[in-house]
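Below: one structure, written as structure tokens.
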Amino acid sequence: MADKTSPASGTAAPPAALLAAPGYQVRRLYQAYLAAWVRSVDPTLTGPQFAVLTAVDAAPGHDQTAMASAVALDTSTMADVARRLEKRGLMVRRTAADDGRRKLLFLTEEGERALREADDRARALDERLLENYGSGAERSRLMRELTELADHWEGLSGES
């Protein structure tokens, strides 16, 4: 007869197979990052929204498709993020004169203010996240390796 008692509650250690899986470790990092973002940067401005505001600030008047590519969002997610930011008064979408289907993106004054405030906190969070990598050279190496890994994994996602 099977034991019907439930296991003790608490924290279970992840299986070794998960600990050896890069995707599992990346997910852990991302979950920890999201929690830190909400606590430290902004509980209402998401990372993707922050990325879109940052990209639009750097290149005002570019269309949603170009901005989606710049911030690594698919076009439908980008449209949703842009709509939400517009609804909050942080951004405006204007129809391109030469193509009524293209939406050009611009920050509002409120969007510029929100970005400045969030950016200061985001840079402080970056410092805390990378504090174990003391020197500029160590941080540069880590960021180069993370970028190479992201580029490689994005390339794999396009394979059949």
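Chain labels follow the order of the structure tokens: the first chain is A, the next B, and so on; residue numbering restarts at 1 in every chain, and ligands are counted from 1 in their shown order.
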
Which residues are near A:Ala96? Cut-off 10 Å, only C-alpha atoms, ignore same chain within fewer than 3 positions. Put them as a list of chain:residue names. A:Gly61, A:His62, A:Asp63, A:Arg93, A:Asp99, A:Gly100, A:Arg101, A:Arg102, A:Lys103, A:Leu104, A:Leu105

Which polymer residues have any atom within 12 Å of an atom of A:Arg83, counting only C-alpha atoms, with same-chain residues fewer than 3 positions away left out, as a ChimeraX atom specification? /A:49,52,64,76-80,86-94,103,105

Assign secondary structure with DSSP using the backbone only, and return the residues of chain A in alpha helix (DSSP H) as a PyMOL selection string. chain A and resi 16-19+22-40+47-58+64-70+75-87+109-129+136-157

Determine which residues of stretch 45-149 of chain A DSSP labels as strand (DSSP E) from the backbone of this structure, then write them out as an MDAnalysis selection string. chainID A and resid 91:96 99:107

Hey, can you spit out that residue selection with all heavy atoms as a compact mmCIF listing (two decimals), in the first residue's frame?
```txt
# COMPACT_ATOMS: atom_id res chain seq x y z
N MET A 91 3.33 58.15 -23.78
CA MET A 91 3.77 58.10 -25.16
C MET A 91 2.58 58.42 -26.07
O MET A 91 1.43 58.20 -25.68
CB MET A 91 4.30 56.69 -25.46
CG MET A 91 5.03 56.56 -26.76
SD MET A 91 5.84 54.95 -26.90
CE MET A 91 4.45 53.88 -27.03
N VAL A 92 2.87 58.94 -27.26
CA VAL A 92 1.83 59.11 -28.28
C VAL A 92 2.25 58.32 -29.51
O VAL A 92 3.43 58.18 -29.81
CB VAL A 92 1.58 60.59 -28.64
CG1 VAL A 92 0.96 61.33 -27.47
CG2 VAL A 92 2.83 61.27 -29.12
N ARG A 93 1.23 57.80 -30.18
CA ARG A 93 1.44 57.09 -31.44
C ARG A 93 0.76 57.92 -32.53
O ARG A 93 -0.42 58.21 -32.43
CB ARG A 93 0.83 55.69 -31.40
CG ARG A 93 1.48 54.81 -30.35
CD ARG A 93 0.92 53.40 -30.33
NE ARG A 93 -0.51 53.40 -30.10
CZ ARG A 93 -1.32 52.40 -30.41
NH1 ARG A 93 -0.84 51.32 -30.98
NH2 ARG A 93 -2.61 52.47 -30.15
N ARG A 94 1.54 58.28 -33.53
CA ARG A 94 0.99 59.07 -34.64
C ARG A 94 1.08 58.25 -35.93
O ARG A 94 2.07 57.57 -36.17
CB ARG A 94 1.78 60.37 -34.81
CG ARG A 94 1.67 61.28 -33.61
CD ARG A 94 2.34 62.62 -33.86
NE ARG A 94 2.33 63.39 -32.64
CZ ARG A 94 3.38 64.02 -32.14
NH1 ARG A 94 4.53 63.99 -32.78
NH2 ARG A 94 3.28 64.69 -31.02
N THR A 95 0.05 58.35 -36.72
CA THR A 95 0.03 57.64 -38.00
C THR A 95 1.00 58.30 -38.96
O THR A 95 1.00 59.53 -39.10
CB THR A 95 -1.40 57.63 -38.58
OG1 THR A 95 -2.27 57.04 -37.61
CG2 THR A 95 -1.47 56.86 -39.87
N ALA A 96 1.82 57.50 -39.63
CA ALA A 96 2.77 58.02 -40.61
C ALA A 96 2.01 58.60 -41.79
O ALA A 96 1.03 58.01 -42.26
CB ALA A 96 3.71 56.91 -41.07
N ASP A 99 2.08 56.21 -44.86
CA ASP A 99 1.54 54.85 -44.72
C ASP A 99 0.66 54.81 -43.47
O ASP A 99 1.17 54.80 -42.34
CB ASP A 99 2.69 53.85 -44.61
CG ASP A 99 2.22 52.40 -44.52
OD1 ASP A 99 1.00 52.15 -44.36
OD2 ASP A 99 3.09 51.50 -44.59
N GLY A 100 -0.63 54.77 -43.67
CA GLY A 100 -1.59 54.80 -42.57
C GLY A 100 -1.51 53.62 -41.62
O GLY A 100 -2.08 53.67 -40.54
N ARG A 101 -0.78 52.57 -42.01
CA ARG A 101 -0.66 51.41 -41.13
C ARG A 101 0.49 51.55 -40.14
O ARG A 101 0.53 50.85 -39.15
CB ARG A 101 -0.44 50.13 -41.97
CG ARG A 101 -1.64 49.80 -42.86
CD ARG A 101 -1.28 48.71 -43.82
NE ARG A 101 -0.23 49.24 -44.70
CZ ARG A 101 0.41 48.54 -45.63
NH1 ARG A 101 0.13 47.28 -45.80
NH2 ARG A 101 1.33 49.10 -46.37
N ARG A 102 1.44 52.43 -40.44
CA ARG A 102 2.61 52.61 -39.56
C ARG A 102 2.29 53.60 -38.46
O ARG A 102 1.76 54.67 -38.70
CB ARG A 102 3.81 53.12 -40.37
CG ARG A 102 4.40 52.06 -41.25
CD ARG A 102 5.60 52.56 -42.07
NE ARG A 102 6.60 53.23 -41.27
CZ ARG A 102 7.10 54.43 -41.56
NH1 ARG A 102 6.70 55.09 -42.63
NH2 ARG A 102 8.02 54.97 -40.80
N LYS A 103 2.67 53.23 -37.24
CA LYS A 103 2.50 54.11 -36.08
C LYS A 103 3.88 54.60 -35.64
O LYS A 103 4.76 53.79 -35.32
CB LYS A 103 1.82 53.38 -34.92
CG LYS A 103 0.43 52.85 -35.24
CD LYS A 103 -0.53 53.99 -35.49
CE LYS A 103 -1.91 53.43 -35.75
NZ LYS A 103 -2.76 54.37 -36.42
N LEU A 104 4.05 55.91 -35.60
CA LEU A 104 5.30 56.52 -35.18
C LEU A 104 5.20 56.85 -33.70
O LEU A 104 4.15 57.33 -33.23
CB LEU A 104 5.58 57.78 -36.00
CG LEU A 104 5.49 57.61 -37.51
CD1 LEU A 104 5.77 58.93 -38.22
CD2 LEU A 104 6.42 56.51 -38.00
N LEU A 105 6.26 56.62 -32.97
CA LEU A 105 6.22 56.73 -31.51
C LEU A 105 7.01 57.94 -31.01
O LEU A 105 8.12 58.20 -31.46
CB LEU A 105 6.79 55.45 -30.89
CG LEU A 105 6.15 54.14 -31.36
CD1 LEU A 105 6.85 52.96 -30.71
CD2 LEU A 105 4.67 54.12 -31.07
N PHE A 106 6.40 58.63 -30.03
CA PHE A 106 7.01 59.80 -29.41
C PHE A 106 6.68 59.79 -27.92
O PHE A 106 5.56 59.43 -27.54
CB PHE A 106 6.45 61.10 -30.01
CG PHE A 106 6.68 61.23 -31.48
CD1 PHE A 106 5.76 60.71 -32.39
CD2 PHE A 106 7.81 61.87 -31.97
CE1 PHE A 106 5.95 60.83 -33.76
CE2 PHE A 106 8.01 62.00 -33.34
CZ PHE A 106 7.08 61.48 -34.23
N LEU A 107 7.63 60.21 -27.09
CA LEU A 107 7.36 60.34 -25.66
C LEU A 107 6.61 61.64 -25.40
O LEU A 107 6.83 62.64 -26.08
CB LEU A 107 8.66 60.36 -24.85
CG LEU A 107 9.52 59.11 -24.85
CD1 LEU A 107 10.69 59.29 -23.88
CD2 LEU A 107 8.72 57.89 -24.49
```

To one decimal place in Å, what is the distance between atom CA of A:Leu53 and atom CA of A:Ala150?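 Atom-to-atom, atom CA of A:Leu53 and atom CA of A:Ala150 are spaced 21.6 Å apart.
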
Report as JSON lines: every residue of stretch 18-74 of chain A with an atom at most 10 Å from stretch 123-126 of chain A, its closest pair of atoms, and their distance in Å to one decimal, counting only C-alpha atoms, with rows sorted by chain and ascending residue number.
```
{"residue": "A:Tyr33", "atom": "CA", "partner": "A:Leu125", "partner_atom": "CA", "distance": 9.4}
{"residue": "A:Ala36", "atom": "CA", "partner": "A:Leu125", "partner_atom": "CA", "distance": 7.7}
{"residue": "A:Trp37", "atom": "CA", "partner": "A:Leu125", "partner_atom": "CA", "distance": 7.5}
{"residue": "A:Arg39", "atom": "CA", "partner": "A:Leu125", "partner_atom": "CA", "distance": 9.8}
{"residue": "A:Ser40", "atom": "CA", "partner": "A:Leu125", "partner_atom": "CA", "distance": 6.7}
{"residue": "A:Val41", "atom": "CA", "partner": "A:Leu125", "partner_atom": "CA", "distance": 7.3}
```

May I have the residues within 12 Å of A:Leu34 as a ChimeraX atom specification, using only C-alpha atoms and disregarding those fewer than 6 positions away in the same chain? /A:27-28,40-48,122,125,129
